[in-house]
>>> print(open('protein_13.pdb').read())   # PDB, C-alpha atoms
MODEL        1
ATOM      1  CA  MET A  79      18.774 -19.638  28.642
ATOM      2  CA  SER A  80      21.446 -17.093  27.632
ATOM      3  CA  ASP A  81      23.503 -16.814  24.454
ATOM      4  CA  ILE A  82      27.199 -15.987  24.200
ATOM      5  CA  LEU A  83      26.377 -12.265  24.191
ATOM      6  CA  GLY A  84      24.677 -12.519  27.560
ATOM      7  CA  GLU A  85      21.192 -11.870  26.207
ATOM      8  CA  THR A  86      18.398 -13.931  27.666
ATOM      9  CA  ARG A  87      16.541 -16.085  25.150
ATOM     10  CA  ARG A  88      13.226 -17.855  25.519
ATOM     11  CA  PRO A  89      11.195 -20.572  23.763
ATOM     12  CA  ARG A  90       9.494 -19.402  20.560
ATOM     13  CA  PRO A  91       5.672 -19.353  20.529
ATOM     14  CA  ARG A  92       4.004 -21.021  17.561
ATOM     15  CA  ILE A  93       2.931 -17.719  16.025
ATOM     16  CA  GLU A  94       6.591 -16.731  15.654
ATOM     17  CA  SER A  95       7.329 -19.963  13.808
ATOM     18  CA  LEU A  96       4.325 -19.252  11.590
ATOM     19  CA  THR A  97       5.679 -15.758  10.944
ATOM     20  CA  ASP A  98       9.032 -17.213   9.846
ATOM     21  CA  LEU A  99       7.148 -19.510   7.464
ATOM     22  CA  ILE A 100       5.201 -16.578   6.015
ATOM     23  CA  PHE A 101       8.433 -14.644   5.448
ATOM     24  CA  GLY A 102       9.935 -17.647   3.646
ATOM     25  CA  LEU A 103       6.856 -18.025   1.445
ATOM     26  CA  ALA A 104       6.846 -14.300   0.673
ATOM     27  CA  LEU A 105      10.449 -14.493  -0.531
ATOM     28  CA  SER A 106       9.698 -17.574  -2.640
ATOM     29  CA  ILE A 107       6.527 -16.140  -4.167
ATOM     30  CA  GLY A 108       8.338 -12.924  -5.012
ATOM     31  CA  ALA A 109      11.036 -14.881  -6.855
ATOM     32  CA  VAL A 110       8.531 -17.043  -8.756
ATOM     33  CA  GLY A 111       6.421 -14.019  -9.625
ATOM     34  CA  THR A 112       9.295 -12.370 -11.475
ATOM     35  CA  LEU A 113       8.996 -15.115 -14.104
ATOM     36  CA  ASN A 114       5.741 -13.521 -15.287
ATOM     37  CA  ASN A 115       7.522 -10.272 -16.189
ATOM     38  CA  LYS A 116       9.723 -11.136 -19.135
ATOM     39  CA  PRO A 117      11.913  -8.141 -20.047
ATOM     40  CA  SER A 118      12.333  -7.348 -23.715
ATOM     41  CA  THR A 119      15.236  -4.918 -23.362
ATOM     42  CA  VAL A 120      18.413  -4.725 -21.318
ATOM     43  CA  LEU A 121      17.022  -1.719 -19.412
ATOM     44  CA  GLU A 122      13.898  -3.668 -18.452
ATOM     45  CA  LEU A 123      16.051  -6.608 -17.349
ATOM     46  CA  VAL A 124      18.178  -4.373 -15.120
ATOM     47  CA  GLN A 125      15.065  -2.723 -13.691
ATOM     48  CA  SER A 126      13.496  -6.122 -12.982
ATOM     49  CA  VAL A 127      16.610  -7.396 -11.180
ATOM     50  CA  VAL A 128      17.002  -4.191  -9.151
ATOM     51  CA  LEU A 129      13.347  -4.247  -8.081
ATOM     52  CA  PHE A 130      13.580  -7.895  -7.028
ATOM     53  CA  ALA A 131      16.790  -7.177  -5.104
ATOM     54  CA  PHE A 132      15.011  -4.308  -3.345
ATOM     55  CA  SER A 133      12.023  -6.509  -2.424
ATOM     56  CA  PHE A 134      14.374  -9.236  -1.199
ATOM     57  CA  LEU A 135      16.448  -6.868   0.945
ATOM     58  CA  ILE A 136      13.337  -5.243   2.394
ATOM     59  CA  LEU A 137      11.871  -8.584   3.501
ATOM     60  CA  ILE A 138      15.195  -9.830   4.874
ATOM     61  CA  SER A 139      15.715  -6.582   6.817
ATOM     62  CA  ILE A 140      12.192  -6.783   8.257
ATOM     63  CA  TRP A 141      12.657 -10.428   9.237
ATOM     64  CA  LEU A 142      15.985  -9.660  10.960
ATOM     65  CA  ARG A 143      14.443  -6.789  12.929
ATOM     66  CA  TYR A 144      11.477  -8.963  13.868
ATOM     67  CA  SER A 145      13.742 -11.826  14.971
ATOM     68  CA  ASP A 146      15.875  -9.478  17.094
ATOM     69  CA  VAL A 147      12.814  -8.210  18.952
ATOM     70  CA  MET A 148      11.145 -11.585  19.440
ATOM     71  CA  SER A 149      14.357 -13.226  20.667
ATOM     72  CA  VAL A 150      14.347 -11.027  23.775
ATOM     73  CA  LEU A 151      10.672 -10.236  24.318
ATOM     74  CA  PRO A 152      10.116 -12.078  27.641
ATOM     75  CA  VAL A 153       6.378 -12.680  27.384
ATOM     76  CA  GLU A 154       3.736 -12.842  24.697
ATOM     77  CA  THR A 155       1.352 -10.022  25.550
ATOM     78  CA  PRO A 156      -2.085  -9.663  23.917
ATOM     79  CA  ARG A 157      -0.792  -6.548  22.172
ATOM     80  CA  SER A 158       2.267  -8.287  20.716
ATOM     81  CA  ARG A 159       0.110 -11.208  19.571
ATOM     82  CA  ASP A 160      -2.296  -8.860  17.777
ATOM     83  CA  LEU A 161       0.624  -7.015  16.178
ATOM     84  CA  ASN A 162       2.025 -10.363  15.019
ATOM     85  CA  ILE A 163      -1.234 -11.225  13.264
ATOM     86  CA  ILE A 164      -1.395  -7.846  11.529
ATOM     87  CA  LEU A 165       2.267  -8.189  10.550
ATOM     88  CA  LEU A 166       1.517 -11.565   8.938
ATOM     89  CA  PHE A 167      -1.142  -9.971   6.756
ATOM     90  CA  PHE A 168       1.094  -7.167   5.505
ATOM     91  CA  VAL A 169       4.056  -9.497   4.896
ATOM     92  CA  SER A 170       1.795 -11.889   2.959
ATOM     93  CA  LEU A 171       0.580  -8.944   0.878
ATOM     94  CA  GLU A 172       4.095  -7.753  -0.062
ATOM     95  CA  PRO A 173       4.865 -10.309  -2.842
ATOM     96  CA  TYR A 174       1.405  -9.840  -4.354
ATOM     97  CA  LEU A 175       1.862  -6.077  -4.618
ATOM     98  CA  TYR A 176       5.449  -6.441  -5.818
ATOM     99  CA  ASN A 177       4.378  -8.772  -8.631
ATOM    100  CA  LEU A 178       1.870  -6.160  -9.834
ATOM    101  CA  PHE A 179       4.753  -3.898 -10.856
ATOM    102  CA  PRO A 180       4.771  -3.820 -14.677
ATOM    103  CA  LEU A 181       7.987  -3.091 -16.507
ATOM    104  CA  SER A 182       6.464  -0.177 -18.403
ATOM    105  CA  MET A 183       5.421   3.108 -16.803
ATOM    106  CA  THR A 184       1.617   3.055 -16.674
ATOM    107  CA  LEU A 185      -1.184   4.069 -14.334
ATOM    108  CA  SER A 186      -1.226   0.550 -12.905
ATOM    109  CA  LEU A 187       2.400   1.048 -11.867
ATOM    110  CA  ASP A 188       1.409   4.103  -9.870
ATOM    111  CA  VAL A 189      -1.457   2.271  -8.151
ATOM    112  CA  SER A 190       0.625  -0.813  -7.315
ATOM    113  CA  THR A 191       3.623   1.140  -6.032
ATOM    114  CA  ILE A 192       1.393   3.365  -3.884
ATOM    115  CA  ALA A 193      -0.170   0.247  -2.341
ATOM    116  CA  TYR A 194       3.315  -1.251  -1.886
ATOM    117  CA  ALA A 195       4.533   1.903  -0.122
ATOM    118  CA  LEU A 196       1.580   1.790   2.272
ATOM    119  CA  ASP A 197       2.181  -1.920   2.924
ATOM    120  CA  ILE A 198       5.888  -1.555   3.809
ATOM    121  CA  GLY A 199       5.167   1.597   5.797
ATOM    122  CA  SER A 200       2.637  -0.356   7.858
ATOM    123  CA  ILE A 201       5.131  -3.167   8.485
ATOM    124  CA  TYR A 202       7.745  -0.752   9.823
ATOM    125  CA  ALA A 203       5.110   0.941  11.968
ATOM    126  CA  ILE A 204       4.415  -2.470  13.545
ATOM    127  CA  LEU A 205       8.143  -3.074  14.111
ATOM    128  CA  ALA A 206       8.327   0.325  15.801
ATOM    129  CA  SER A 207       5.416  -0.722  18.017
ATOM    130  CA  PHE A 208       7.308  -3.874  19.042
ATOM    131  CA  ASN A 209      10.334  -1.810  20.040
ATOM    132  CA  ASN A 210       8.061   0.583  21.878
ATOM    133  CA  ILE A 211       6.882  -2.355  23.995
ATOM    134  CA  LEU A 212      10.500  -3.217  24.814
ATOM    135  CA  ALA A 213      11.317   0.394  25.677
ATOM    136  CA  SER A 214       8.227   0.959  27.791
ATOM    137  CA  LYS A 215       8.644   1.594  31.514
ATOM    138  CA  GLU A 216       5.195   0.134  32.017
ATOM    139  CA  HIS A 217       6.315  -3.326  30.935
ATOM    140  CA  GLY A 218       9.734  -3.056  32.603
ATOM    141  CA  PHE A 219      11.448  -5.566  30.314
ATOM    142  CA  PHE A 220      14.868  -3.895  30.568
ATOM    143  CA  ASP A 221      16.898  -1.846  32.994
ATOM    144  CA  ALA A 222      16.599   1.910  32.572
ATOM    145  CA  GLU A 223      19.973   2.246  30.801
ATOM    146  CA  GLN A 224      18.879  -0.206  28.067
ATOM    147  CA  ARG A 225      15.646   1.529  27.122
ATOM    148  CA  PRO A 226      17.260   4.385  25.137
ATOM    149  CA  THR A 227      18.670   1.855  22.638
ATOM    150  CA  HIS A 228      15.216   0.472  21.912
ATOM    151  CA  ARG A 229      13.761   3.968  21.801
ATOM    152  CA  LEU A 230      16.326   4.981  19.196
ATOM    153  CA  ILE A 231      15.634   1.871  17.096
ATOM    154  CA  ARG A 232      11.916   2.606  17.419
ATOM    155  CA  ASP A 233      12.438   6.193  16.265
ATOM    156  CA  LEU A 234      14.492   5.089  13.242
ATOM    157  CA  GLN A 235      11.776   2.610  12.298
ATOM    158  CA  ILE A 236       9.185   5.369  12.604
ATOM    159  CA  VAL A 237      11.268   7.437  10.171
ATOM    160  CA  VAL A 238      11.383   4.527   7.699
ATOM    161  CA  SER A 239       7.637   4.003   8.069
ATOM    162  CA  ALA A 240       6.992   7.711   7.496
ATOM    163  CA  MET A 241       9.232   7.708   4.397
ATOM    164  CA  PHE A 242       7.206   4.898   2.814
ATOM    165  CA  PHE A 243       3.882   6.504   3.732
ATOM    166  CA  LEU A 244       5.112   9.830   2.333
ATOM    167  CA  SER A 245       6.205   8.149  -0.920
ATOM    168  CA  ALA A 246       2.559   7.232  -1.590
ATOM    169  CA  ILE A 247       1.906  10.887  -2.462
ATOM    170  CA  PRO A 248       1.323  11.183  -6.249
ATOM    171  CA  VAL A 249       4.210  13.632  -6.702
ATOM    172  CA  PHE A 250       6.616  10.733  -6.122
ATOM    173  CA  SER A 251       5.328   9.113  -9.328
ATOM    174  CA  VAL A 252       7.335  11.628 -11.368
ATOM    175  CA  THR A 253      10.042   9.873 -13.389
ATOM    176  CA  LEU A 254      13.654  10.813 -13.967
ATOM    177  CA  ALA A 255      15.918   9.677 -16.799
ATOM    178  CA  PRO A 256      16.213   6.859 -17.617
ATOM    179  CA  ASN A 257      12.557   6.230 -16.776
ATOM    180  CA  ILE A 258      13.117   5.879 -13.007
ATOM    181  CA  PRO A 259      10.316   7.002 -10.658
ATOM    182  CA  VAL A 260      11.307   9.329  -7.834
ATOM    183  CA  ARG A 261       9.415   6.918  -5.586
ATOM    184  CA  TYR A 262      12.034   4.195  -6.222
ATOM    185  CA  LEU A 263      14.902   6.534  -5.370
ATOM    186  CA  TRP A 264      13.132   7.584  -2.181
ATOM    187  CA  TRP A 265      12.691   3.939  -1.202
ATOM    188  CA  PHE A 266      16.373   3.207  -1.713
ATOM    189  CA  ALA A 267      17.221   6.241   0.424
ATOM    190  CA  SER A 268      15.288   4.618   3.271
ATOM    191  CA  PHE A 269      18.002   1.951   3.497
ATOM    192  CA  PHE A 270      20.187   4.510   5.300
ATOM    193  CA  PHE A 271      17.749   4.446   8.223
ATOM    194  CA  ILE A 272      17.086   0.709   7.885
ATOM    195  CA  ARG A 273      20.817   0.130   8.207
ATOM    196  CA  GLY A 274      20.846   2.471  11.182
ATOM    197  CA  THR A 275      18.419   0.219  13.099
ATOM    198  CA  TRP A 276      20.775  -2.725  12.475
ATOM    199  CA  ILE A 277      23.879  -0.851  13.636
ATOM    200  CA  TRP A 278      22.254   0.367  16.835
ATOM    201  CA  ARG A 279      20.743  -3.045  17.553
ATOM    202  CA  ARG A 280      24.103  -4.790  17.187
ATOM    203  CA  ALA A 281      25.878  -2.066  19.175
ATOM    204  CA  GLY A 282      23.575  -2.557  22.141
ATOM    205  CA  LYS A 283      23.190  -6.326  21.854
ATOM    206  CA  GLY A 284      26.227  -7.308  23.844
ATOM    207  CA  LYS A 285      25.082  -5.428  26.925
ATOM    208  CA  THR A 286      21.302  -5.827  26.710
ATOM    209  CA  LYS A 287      19.865  -8.079  29.377
ATOM    210  CA  VAL A 288      16.263  -8.876  30.007
ATOM    211  CA  LYS A 289      15.052  -8.460  33.540
ATOM    212  CA  PRO A 290      14.309 -11.831  35.106
ATOM    213  CA  SER A 291      10.622 -12.621  35.339
ATOM    214  CA  HIS A 292       9.072 -13.476  38.688
TER     215      HIS A 292
ENDMDL
END
>>> encode(input="protein_13.pdb", output="structure tokens")
Amino acid sequence: MSDILGETRRPRPRIESLTDLIFGLALSIGAVGTLNNKPSTVLELVQSVVLFAFSFLILISIWLRYSDVMSVLPVETPRSRDLNIILLFFVSLEPYLYNLFPLSMTLSLDVSTIAYALDIGSIYAILASFNNILASKEHGFFDAEQRPTHRLIRDLQIVVSAMFFLSAIPVFSVTLAPNIPVRYLWWFASFFFIRGTWIWRRAGKGKTKVKPSH
């Protein structure tokens, strides 16, 4: 079956439906968890809303990238299935780590944000692995002219993953006025590359065709 953009689609395996469910639960749990952190000042309220917006956008961006890949991946390989299972674990962990963020700057904030950085970095490393499967000559999912698009998306996702892993270094716990950790600013900077994966994916979507399976 093909969509209006000429891209071949296929039936969704059950694990992909389960992944969508996990993403939905992660978003819901993250929203409910914010009720436990009751801000006492306007600054804390703003910080709480900004952090939730960041968590929401991160999960939505990851889900969109995942959906793009799985909508054109012709077969479910053992490797992609294993990556799916690992992805489910890290996505399930995201709202738990996010809800550990206290509103005040303490040691526990450093520990929770370091764990969060490693979690999101791992998720983007898995997304990069998915795109590496699509770009691989070994699997031959696409014509040669389509592979560079997936390689570029993979490389951008590797950059995002590296940025989150790098932000786990203690030096990123330093705060700037008004009480904003450098780690948060670094995370927001990663959206430039996250947006880049979306632009390149949409730019190549209209001409990407999966090779027919035999």
>>> resolve_selection(input="protein_13.pdb", expression="the PyMOL selection byres ((chain A and resi 101-108) around 9)", output="VMD selection string")
chain A and resid 96 to 100 109 to 112 130 133 to 134 137 to 138 141 166 169 to 174 176 to 177
>>> resolve_selection(input="protein_13.pdb", expression="the PyMOL selection byres ((chain A and resi 165) around 9)", output="list in words")
Thr97, Asp160, Leu161, Asn162, Ile163, Ile164, Leu166, Phe167, Phe168, Val169, Ser170, Ser200, Ile201, Ile204 and Leu205 of chain A
>>> atom_distance(input="protein_13.pdb", atom1="atom CA of Ala240 of chain A", atom2="atom CA of Arg143 of chain A")
17.2 Å
>>> resolve_selection(input="protein_13.pdb", expression="the PyMOL selection byres ((chain A and resi 235) around 8)", output="number ranges by chain")
A: 202-203, 205-206, 231-234, 236-239, 271-272, 275
>>> atom_distance(input="protein_13.pdb", atom1="atom CA of Asp146 of chain A", atom2="atom CA of Leu196 of chain A")
23.5 Å
>>> atom_distance(input="protein_13.pdb", atom1="atom CA of Thr227 of chain A", atom2="atom CA of Asn209 of chain A")
9.5 Å
>>> closest_residue(input="protein_13.pdb", among="A:Ile192, A:Met148, A:Leu254, A:Val249", to="Phe208 of chain A", atoms="only C-alpha atoms")
A:Met148
>>> decode(input="protein_13.pdb", residues="segment 220-252 of chain A", atoms="N, CA and C atoms", output="mmCIF file, in the first residue's frame")
data_model
loop_
_atom_site.group_PDB
_atom_site.id
_atom_site.type_symbol
_atom_site.label_atom_id
_atom_site.label_comp_id
_atom_site.auth_asym_id
_atom_site.auth_seq_id
_atom_site.Cartn_x
_atom_site.Cartn_y
_atom_site.Cartn_z
ATOM 1 N N PHE A 220 16.486 0.664 0.300
ATOM 2 C CA PHE A 220 16.226 1.793 -0.582
ATOM 3 C C PHE A 220 17.218 1.806 -1.731
ATOM 4 N N ASP A 221 16.853 2.520 -2.792
ATOM 5 C CA ASP A 221 17.791 2.731 -3.879
ATOM 6 C C ASP A 221 18.972 3.558 -3.366
ATOM 7 N N ALA A 222 20.073 3.473 -4.097
ATOM 8 C CA ALA A 222 21.312 4.119 -3.652
ATOM 9 C C ALA A 222 21.143 5.617 -3.421
ATOM 10 N N GLU A 223 20.332 6.294 -4.256
ATOM 11 C CA GLU A 223 20.197 7.747 -4.131
ATOM 12 C C GLU A 223 19.400 8.149 -2.889
ATOM 13 N N GLN A 224 18.688 7.202 -2.264
ATOM 14 C CA GLN A 224 17.891 7.531 -1.079
ATOM 15 C C GLN A 224 18.661 7.338 0.220
ATOM 16 N N ARG A 225 19.736 6.572 0.167
ATOM 17 C CA ARG A 225 20.469 6.264 1.392
ATOM 18 C C ARG A 225 21.128 7.483 2.034
ATOM 19 N N PRO A 226 21.653 8.442 1.249
ATOM 20 C CA PRO A 226 22.263 9.616 1.891
ATOM 21 C C PRO A 226 21.318 10.374 2.816
ATOM 22 N N THR A 227 20.020 10.428 2.481
ATOM 23 C CA THR A 227 19.058 11.120 3.340
ATOM 24 C C THR A 227 18.996 10.460 4.709
ATOM 25 N N HIS A 228 18.921 9.141 4.727
ATOM 26 C CA HIS A 228 18.855 8.422 5.995
ATOM 27 C C HIS A 228 20.192 8.476 6.737
ATOM 28 N N ARG A 229 21.275 8.524 5.984
ATOM 29 C CA ARG A 229 22.579 8.676 6.641
ATOM 30 C C ARG A 229 22.689 10.029 7.329
ATOM 31 N N LEU A 230 22.186 11.074 6.667
ATOM 32 C CA LEU A 230 22.245 12.405 7.252
ATOM 33 C C LEU A 230 21.376 12.485 8.505
ATOM 34 N N ILE A 231 20.165 11.929 8.431
ATOM 35 C CA ILE A 231 19.285 11.900 9.606
ATOM 36 C C ILE A 231 19.957 11.131 10.734
ATOM 37 N N ARG A 232 20.571 9.991 10.382
ATOM 38 C CA ARG A 232 21.293 9.204 11.387
ATOM 39 C C ARG A 232 22.397 10.026 12.037
ATOM 40 N N ASP A 233 23.159 10.755 11.231
ATOM 41 C CA ASP A 233 24.265 11.549 11.765
ATOM 42 C C ASP A 233 23.761 12.664 12.682
ATOM 43 N N LEU A 234 22.650 13.308 12.311
ATOM 44 C CA LEU A 234 22.082 14.347 13.170
ATOM 45 C C LEU A 234 21.606 13.756 14.493
ATOM 46 N N GLN A 235 21.031 12.570 14.436
ATOM 47 C CA GLN A 235 20.577 11.920 15.671
ATOM 48 C C GLN A 235 21.753 11.496 16.539
ATOM 49 N N ILE A 236 22.855 11.132 15.914
ATOM 50 C CA ILE A 236 24.071 10.822 16.673
ATOM 51 C C ILE A 236 24.571 12.065 17.390
ATOM 52 N N VAL A 237 24.490 13.220 16.708
ATOM 53 C CA VAL A 237 24.906 14.483 17.335
ATOM 54 C C VAL A 237 24.030 14.786 18.555
ATOM 55 N N VAL A 238 22.711 14.617 18.406
ATOM 56 C CA VAL A 238 21.798 14.861 19.523
ATOM 57 C C VAL A 238 22.115 13.914 20.677
ATOM 58 N N SER A 239 22.317 12.637 20.351
ATOM 59 C CA SER A 239 22.656 11.657 21.377
ATOM 60 C C SER A 239 23.941 12.046 22.096
ATOM 61 N N ALA A 240 24.953 12.453 21.338
ATOM 62 C CA ALA A 240 26.229 12.850 21.928
ATOM 63 C C ALA A 240 26.074 14.090 22.820
ATOM 64 N N MET A 241 25.210 15.026 22.410
ATOM 65 C CA MET A 241 24.991 16.234 23.207
ATOM 66 C C MET A 241 24.401 15.890 24.573
ATOM 67 N N PHE A 242 23.447 14.944 24.592
ATOM 68 C CA PHE A 242 22.845 14.555 25.869
ATOM 69 C C PHE A 242 23.842 13.775 26.725
ATOM 70 N N PHE A 243 24.598 12.877 26.109
ATOM 71 C CA PHE A 243 25.615 12.147 26.870
ATOM 72 C C PHE A 243 26.656 13.113 27.444
ATOM 73 N N LEU A 244 27.072 14.083 26.632
ATOM 74 C CA LEU A 244 28.065 15.061 27.069
ATOM 75 C C LEU A 244 27.531 15.904 28.224
ATOM 76 N N SER A 245 26.224 16.206 28.197
ATOM 77 C CA SER A 245 25.643 17.053 29.251
ATOM 78 C C SER A 245 25.608 16.370 30.604
ATOM 79 N N ALA A 246 25.905 15.064 30.653
ATOM 80 C CA ALA A 246 25.946 14.352 31.933
ATOM 81 C C ALA A 246 27.218 14.680 32.716
ATOM 82 N N ILE A 247 28.194 15.299 32.057
ATOM 83 C CA ILE A 247 29.428 15.686 32.738
ATOM 84 C C ILE A 247 29.097 16.709 33.828
ATOM 85 N N PRO A 248 29.669 16.557 35.024
ATOM 86 C CA PRO A 248 29.334 17.441 36.155
ATOM 87 C C PRO A 248 29.465 18.937 35.881
ATOM 88 N N VAL A 249 30.353 19.331 34.962
ATOM 89 C CA VAL A 249 30.543 20.754 34.706
ATOM 90 C C VAL A 249 29.253 21.399 34.206
ATOM 91 N N PHE A 250 28.373 20.631 33.599
ATOM 92 C CA PHE A 250 27.116 21.175 33.093
ATOM 93 C C PHE A 250 26.095 21.431 34.204
ATOM 94 N N SER A 251 26.454 21.083 35.446
ATOM 95 C CA SER A 251 25.576 21.378 36.579
ATOM 96 C C SER A 251 25.718 22.822 37.058
ATOM 97 N N VAL A 252 26.718 23.527 36.554
ATOM 98 C CA VAL A 252 26.911 24.931 36.926
ATOM 99 C C VAL A 252 25.661 25.727 36.561
#
